Amino acid sequence: MGLTIGVDIGGTKIAAGVVDEEGNILSTHKVPTPGTPEAIVDAIAAAVEGARAGHEIVGVGIGAAGYVNRQRSTVYFAPNIDWRQEPLKEKVEARVHLPVVVENDANAAAWGEYKFGAGKGHRNVICITLGTGLGGGIIIGNKLRRGHFGVAAEFGHIRMVPDGLLCGCGSQGCWEQYASGRALVRYAKQRAKATPENAELLLSLGDGTPEGVEGKHISMAARQGDPVAVDSYRELARWAGAGLADLASLFDPSAFIVGGGLSDEGELVLDPIRKSYKRWLVGGNWRPVADVIAAQLGNKAGLVGAADLAREPDPTM
């Protein structure tokens, strides 16, 4: 199929990269993320044009945070961009004059990891991304499973706690309220306020108050053994592992791939997730247990995955 371009739409920048069939990024171009939907379309086109210079490109894949239809053309709804029934494929194609497909960004990252990263050699994997929120992707039988309407694998909005914490989606008790970067910061602030004597290092990294605690402080403090920081990671891992156990009952994968910014902490977060997963897995003492492994591609996964999915046939055919 030749070279394709993957586009990753971030909160502050839009990155486009030329990717070959082995998942290698040959060139990139980044532009700031503007504040309006139409300006974002223009920025996507500018990023694509900047990356494609000197390359023969056969298609473009865009990773968008939101609900994308099965035809890979329209964003039904995006939580952080004012896209409602947005015909993104049509608009970008009119500007770049190349075939375009639109994918959910977590699906794109999952596909990148499956094809070129931690999932190589597996046929059935579930990916979760632990970042500010919680996303994911489903690969079963070597195929990305989008669901009938295209919006499968919105794992972050599985209700873990009836009438639990209010989520940005409008529901209550969603998984991402208990296993995400936001949740980690909440745990640390609560614990630092309750037992400041156990959070001396953590508090010293901020402004000295629980309210000043940020994610980077928790990471630094946990690596140095701060009790509150370590316990906060354990609480996040408890909820993450319990959710994986539920997903195992649904999909029975050979591996769970954990990506997103929190996975950068390695065994600090992965080891307690594995323990929680085994603790809550039904029949866990008597059945095969899926591997829980770290993603390998980091923040390149979405771009590489989107580019490769531009080579995939239309899933509705």
# chains A, B, ... in the order shown; residues from 1 in each chain; ligands from 1
>>> residues_around(residues="stretch 36-45 of chain A", least_positions_apart="5", cutoff="7 Å", atoms="only C-alpha atoms", output="list in words")
Ile14, Val31, Ile81, Asp82, Trp83, Val92, Arg95 and Val96 of chain A
>>> residues_around(residues="stretch 241-252 of chain A", least_positions_apart="6", cutoff="8 Å", atoms="only C-alpha atoms", output="PyMOL selection string")
chain A and resi 160+175+272-282+290
>>> write_last_selection(atoms="C-alpha atoms", output="short mmCIF file (atom, residue, chain, number, x, y, z; two decimals), in the first residue's frame")
data_model
loop_
_atom_site.label_atom_id
_atom_site.label_comp_id
_atom_site.auth_asym_id
_atom_site.auth_seq_id
_atom_site.Cartn_x
_atom_site.Cartn_y
_atom_site.Cartn_z
CA MET A 160 -17.96 0.46 38.30
CA TRP A 175 -14.29 3.37 35.69
CA PRO A 272 -0.08 -3.91 41.74
CA ILE A 273 -2.42 -3.97 38.72
CA ARG A 274 -1.44 -7.60 38.08
CA LYS A 275 -2.05 -8.50 41.71
CA SER A 276 -5.45 -6.83 41.73
CA TYR A 277 -6.39 -8.44 38.42
CA LYS A 278 -5.58 -11.91 39.74
CA ARG A 279 -7.38 -11.15 42.99
CA TRP A 280 -10.64 -10.30 41.22
CA LEU A 281 -10.44 -12.72 38.27
CA VAL A 282 -13.24 -15.26 38.58
CA ALA A 290 -3.68 -13.25 30.65
#
>>> closest_residue(among="A:Ala194, A:Val101, A:Ile293, A:Ala15", to="A:Val125", atoms="only C-alpha atoms")
A:Ile293
>>> closest_atom_pairs(of="stretch 95-127 of chain A", to="stretch 57-72 of chain A", cutoff="12 Å", atoms="only C-alpha atoms", output="Markdown table")
| residue | atom | partner | partner_atom | distance |
| --- | --- | --- | --- | --- |
| A:Arg95 | CA | A:Val60 | CA | 11.9 |
| A:Val96 | CA | A:Val60 | CA | 9.1 |
| A:His97 | CA | A:Gly59 | CA | 9.4 |
| A:Leu98 | CA | A:Gly59 | CA | 5.6 |
| A:Pro99 | CA | A:Gly59 | CA | 4.9 |
| A:Val100 | CA | A:Val60 | CA | 4.7 |
| A:Val101 | CA | A:Gly61 | CA | 4.9 |
| A:Val102 | CA | A:Arg72 | CA | 4.7 |
| A:Glu103 | CA | A:Gly63 | CA | 5.0 |
| A:Asn104 | CA | A:Ala64 | CA | 5.0 |
| A:Asp105 | CA | A:Gly63 | CA | 4.1 |
| A:Ala106 | CA | A:Ala65 | CA | 7.4 |
| A:Asn107 | CA | A:Gly63 | CA | 8.1 |
| A:Ala108 | CA | A:Gly63 | CA | 6.1 |
| A:Ala109 | CA | A:Gly63 | CA | 8.3 |
| A:Ala110 | CA | A:Gly63 | CA | 11.2 |
| A:Trp111 | CA | A:Gly63 | CA | 11.2 |
| A:Gly112 | CA | A:Gly63 | CA | 11.3 |
>>> closest_residue(among="A:Glu200, A:Asp308, A:Glu93, A:Glu154", to="A:Met1", atoms="only C-alpha atoms")
A:Asp308
>>> select_by_dssp(residues="stretch 18-64 of chain A", states="strand (DSSP E or B)", output="ChimeraX atom specification")
/A:18-19,25-32,57-64
>>> decode(residues="stretch 219-232 of chain A", atoms="N, CA and C atoms", output="mmCIF file, in the first residue's frame")
data_model
loop_
_atom_site.group_PDB
_atom_site.id
_atom_site.type_symbol
_atom_site.label_atom_id
_atom_site.label_comp_id
_atom_site.auth_asym_id
_atom_site.auth_seq_id
_atom_site.Cartn_x
_atom_site.Cartn_y
_atom_site.Cartn_z
ATOM 1 N N SER A 219 4.431 10.889 41.141
ATOM 2 C CA SER A 219 5.380 9.974 40.501
ATOM 3 C C SER A 219 6.756 10.068 41.149
ATOM 4 N N MET A 220 7.254 11.285 41.299
ATOM 5 C CA MET A 220 8.585 11.483 41.889
ATOM 6 C C MET A 220 8.637 10.971 43.323
ATOM 7 N N ALA A 221 7.584 11.267 44.089
ATOM 8 C CA ALA A 221 7.565 10.865 45.493
ATOM 9 C C ALA A 221 7.445 9.353 45.637
ATOM 10 N N ALA A 222 6.643 8.729 44.798
ATOM 11 C CA ALA A 222 6.455 7.281 44.884
ATOM 12 C C ALA A 222 7.755 6.546 44.592
ATOM 13 N N ARG A 223 8.530 7.054 43.646
ATOM 14 C CA ARG A 223 9.806 6.403 43.317
ATOM 15 C C ARG A 223 10.778 6.459 44.494
ATOM 16 N N GLN A 224 10.564 7.424 45.387
ATOM 17 C CA GLN A 224 11.426 7.551 46.560
ATOM 18 C C GLN A 224 10.777 6.998 47.825
ATOM 19 N N GLY A 225 9.647 6.296 47.648
ATOM 20 C CA GLY A 225 9.050 5.579 48.762
ATOM 21 C C GLY A 225 8.113 6.366 49.643
ATOM 22 N N ASP A 226 7.668 7.550 49.213
ATOM 23 C CA ASP A 226 6.725 8.317 50.015
ATOM 24 C C ASP A 226 5.465 7.487 50.259
ATOM 25 N N PRO A 227 5.075 7.249 51.517
ATOM 26 C CA PRO A 227 3.960 6.330 51.802
ATOM 27 C C PRO A 227 2.638 6.727 51.147
ATOM 28 N N VAL A 228 2.302 8.004 51.168
ATOM 29 C CA VAL A 228 1.039 8.432 50.576
ATOM 30 C C VAL A 228 1.061 8.271 49.059
ATOM 31 N N ALA A 229 2.173 8.618 48.427
ATOM 32 C CA ALA A 229 2.272 8.475 46.971
ATOM 33 C C ALA A 229 2.173 7.013 46.560
ATOM 34 N N VAL A 230 2.900 6.137 47.267
ATOM 35 C CA VAL A 230 2.863 4.708 46.944
ATOM 36 C C VAL A 230 1.454 4.148 47.151
ATOM 37 N N ASP A 231 0.817 4.529 48.241
ATOM 38 C CA ASP A 231 -0.531 4.042 48.526
ATOM 39 C C ASP A 231 -1.538 4.545 47.493
ATOM 40 N N SER A 232 -1.325 5.737 46.970
ATOM 41 C CA SER A 232 -2.223 6.283 45.952
ATOM 42 C C SER A 232 -2.129 5.464 44.665
#
